[in-house]
Amino acid sequence: MKKLIKYLHLWWMMSKNSFVMVFYSKAALVIFLTGKILRFGFFVIFLIFLLKGTNSLAGYNLNQTLFFFLTYTIVDTLSQFLFREVYRFRPQIISGDFDLTLSKPISALFRSLLGGADVIDLITVPPLIYALIYVGAMLHPTLFQIFIYIILLLSGLLIATAFHIAVLSLAILSLEIDHAVMIYRDIVSLGRFPTDIYKEPLRGVLTYLVPVGLMVTLPAQFLIGLVTFQGVLVSFLVCAVFLFASVSLWKFALRYYTSASS
Amino acid sequence: MRKYLTIFKISFQQEFAYRLNFVLWRVRNVLQIFIAFFLWNTIFSDPGRVVFGYDRAKILTYIFGLIIIRAIVLSSRAIDIAGEVSRGDLTNQLLRPMGYIKYWFTRDLSSKALNLIFSVFEASILFLIFKPQFFFQTNFLLFFLFLTSLVIAVILFFFLMFIANMLPLWLPDQPWGMSFLLFIFTDFLGGGVFPLDILPSYITKIIYLTPFPYLLFMPLQIYLGKLDLITSFNSILIGTVWVIVLALGTKVVWSQGLKSYGAVGR
């Protein structure tokens, strides 16, 4: 418990520093916030007019399709808010500055994963949650469905955590890759739409191998009432396997860190 | 001319310095096409369906055409300009006996050549996997207009990138904020995510006044024969006007920006 409080305190300190840095450069704040809002707005407009013309997408109506998109956006935004430091990790490995992280009396994984929360993403979270509740309410879910939906969202966020840990590990194992985190983002963006639109074997890959379906599609499907409890259990199981595998990969990768340029 | 040819060759070779990185960049492009392909494939699962004026063959041609056209128009090294300015490395470039704008345009062309080779390969593989219906433009004049619109799109995107990357001349700590915004506009208002004509005409009329539709959307519309000859000519004319406006804008921004350049980082 003491350790948990210490790490929460550390996270708050590191996040505060990160927020101050962003607020210091107001132009960056305005540009990136505008960009994120525009990207979101453009996509919603696209979905509205697309569904007006086609009436349904893979059997889902406009509200349901919007809800899938909002679920994807909240998982994606929360993981960007929490794990922004991952985007800055590779230069630390190349320059050897990661030595400084290793020499500190805190978990190197904690520092590298959660050391730079992004305030720009945090600003967009409250309106996103409002939109999620607004559109979700139109689907008339029961309290139980809402409860499991939230649990599944947290499970999705844990799978996203596992992916970010894997990206950190890859940065240590191969100095050549600087697109890994963006490839993760591109793969997850396949979940902007319900994974039902993808054909096999891609749909299977997106459900079990790169479980975008479990991260973003399954929670929304449960709220709509399309998933059995068995599917929920599979989601938790896959989440546990991915977390275990990614932490193991991190421990394995650390053994190969050579501190080359320091 | 010879020195720019040498820059072209060196830039081409530089792309191979980080081979895995380049391959992963291409993987990212393919993933983006995956979303669009499956989305429209689902909507047009009934082969006889016509929505927004597109049948199955035309919409899938639009998606596959995007792979090639994105590689030609949007592949760019000019995105590195902002970083160069931020680090103060622009000083080195200014001392060299070459035009800075021509230098980056040559590097852009080199990047486009390499990406084009890869995109043709990727499109062929995806074509063999998905076996989509494809629309071949047989009208020679329309095909010629399509190629002309592509040339305009390439120049247009270069000027847009160049201007966006000049921001660090005033704000050195902002290496790529404007490029981020530019890519969002290019994707959504340029037709990179969806064909613009699914939107109501009161919205598209406004979008057509901006330079973005002339990057991806209009060339594809001309290829698909969705524009008649006069509208195609008009589209090329508006693109050309934008090229002239942005060329003048580039000159102004470059000359004014240099006055503000403080070689920060040097």
# chains A, B, ... in the order shown; residues from 1 in each chain; ligands from 1
>>> residues_around(residues="region 217-228 of chain A", least_positions_apart="4", cutoff="9 Å", atoms="only C-alpha atoms", output="number ranges by chain")
A: 64, 67-69, 71-72, 136, 139-142, 145-146, 148-153, 156, 191-196, 212-213, 232, 235
>>> interface_residues(of="chain A", to="chain B", cutoff="9 Å", atoms="only C-alpha atoms", output="PyMOL selection string")
chain A and resi 25+27-28+31-32+34-36+38-39+42-43+45-46+49-50+53-54+56-58+176-180+182-183+186-187+189-193+197-199
>>> residues_around(residues="Ser246 (chain A)", least_positions_apart="4", cutoff="8 Å", atoms="only C-alpha atoms", output="list in words")
Ala162, Phe163, Ile165, Ala166, Phe242 and Trp250 of chain A
>>> atom_distance(atom1="CA of Gly190 (chain B)", atom2="CA of Arg185 (chain A)")
21.6 Å
>>> closest_residue(among="B:Leu216, B:Tyr202, B:Ser255, B:Ile152", to="Trp242 (chain B)", atoms="only C-alpha atoms")
B:Ile152
>>> residues_around(residues="Leu156 (chain B)", least_positions_apart="4", cutoff="8 Å", atoms="only C-alpha atoms", output="number ranges by chain")
B: 152, 160, 211, 215, 239, 242-243, 246
>>> residues_around(residues="Leu102 (chain A)", least_positions_apart="4", cutoff="10 Å", atoms="only C-alpha atoms", output="count of residues only")
9
>>> decode(residues="region 178-198 of chain B", atoms="C-alpha atoms", output="mmCIF file, in the first residue's frame")
data_model
loop_
_atom_site.group_PDB
_atom_site.id
_atom_site.type_symbol
_atom_site.label_atom_id
_atom_site.label_comp_id
_atom_site.auth_asym_id
_atom_site.auth_seq_id
_atom_site.Cartn_x
_atom_site.Cartn_y
_atom_site.Cartn_z
ATOM 1 C CA MET B 178 1.618 22.732 -38.478
ATOM 2 C CA SER B 179 2.412 19.540 -40.405
ATOM 3 C CA PHE B 180 0.112 17.684 -37.992
ATOM 4 C CA LEU B 181 -2.701 20.096 -38.858
ATOM 5 C CA LEU B 182 -1.887 19.959 -42.558
ATOM 6 C CA PHE B 183 -2.122 16.148 -42.615
ATOM 7 C CA ILE B 184 -5.529 16.282 -40.923
ATOM 8 C CA PHE B 185 -6.821 18.752 -43.536
ATOM 9 C CA THR B 186 -5.263 16.751 -46.370
ATOM 10 C CA ASP B 187 -6.798 13.493 -45.166
ATOM 11 C CA PHE B 188 -10.313 14.771 -44.533
ATOM 12 C CA LEU B 189 -10.711 17.698 -46.939
ATOM 13 C CA GLY B 190 -8.497 16.124 -49.592
ATOM 14 C CA GLY B 191 -10.482 12.906 -49.912
ATOM 15 C CA GLY B 192 -7.872 10.696 -48.268
ATOM 16 C CA VAL B 193 -10.327 9.165 -45.791
ATOM 17 C CA PHE B 194 -13.526 9.234 -47.850
ATOM 18 C CA PRO B 195 -14.689 10.601 -51.228
ATOM 19 C CA LEU B 196 -15.833 14.167 -50.608
ATOM 20 C CA ASP B 197 -18.978 13.818 -52.701
ATOM 21 C CA ILE B 198 -20.690 11.767 -49.992
#
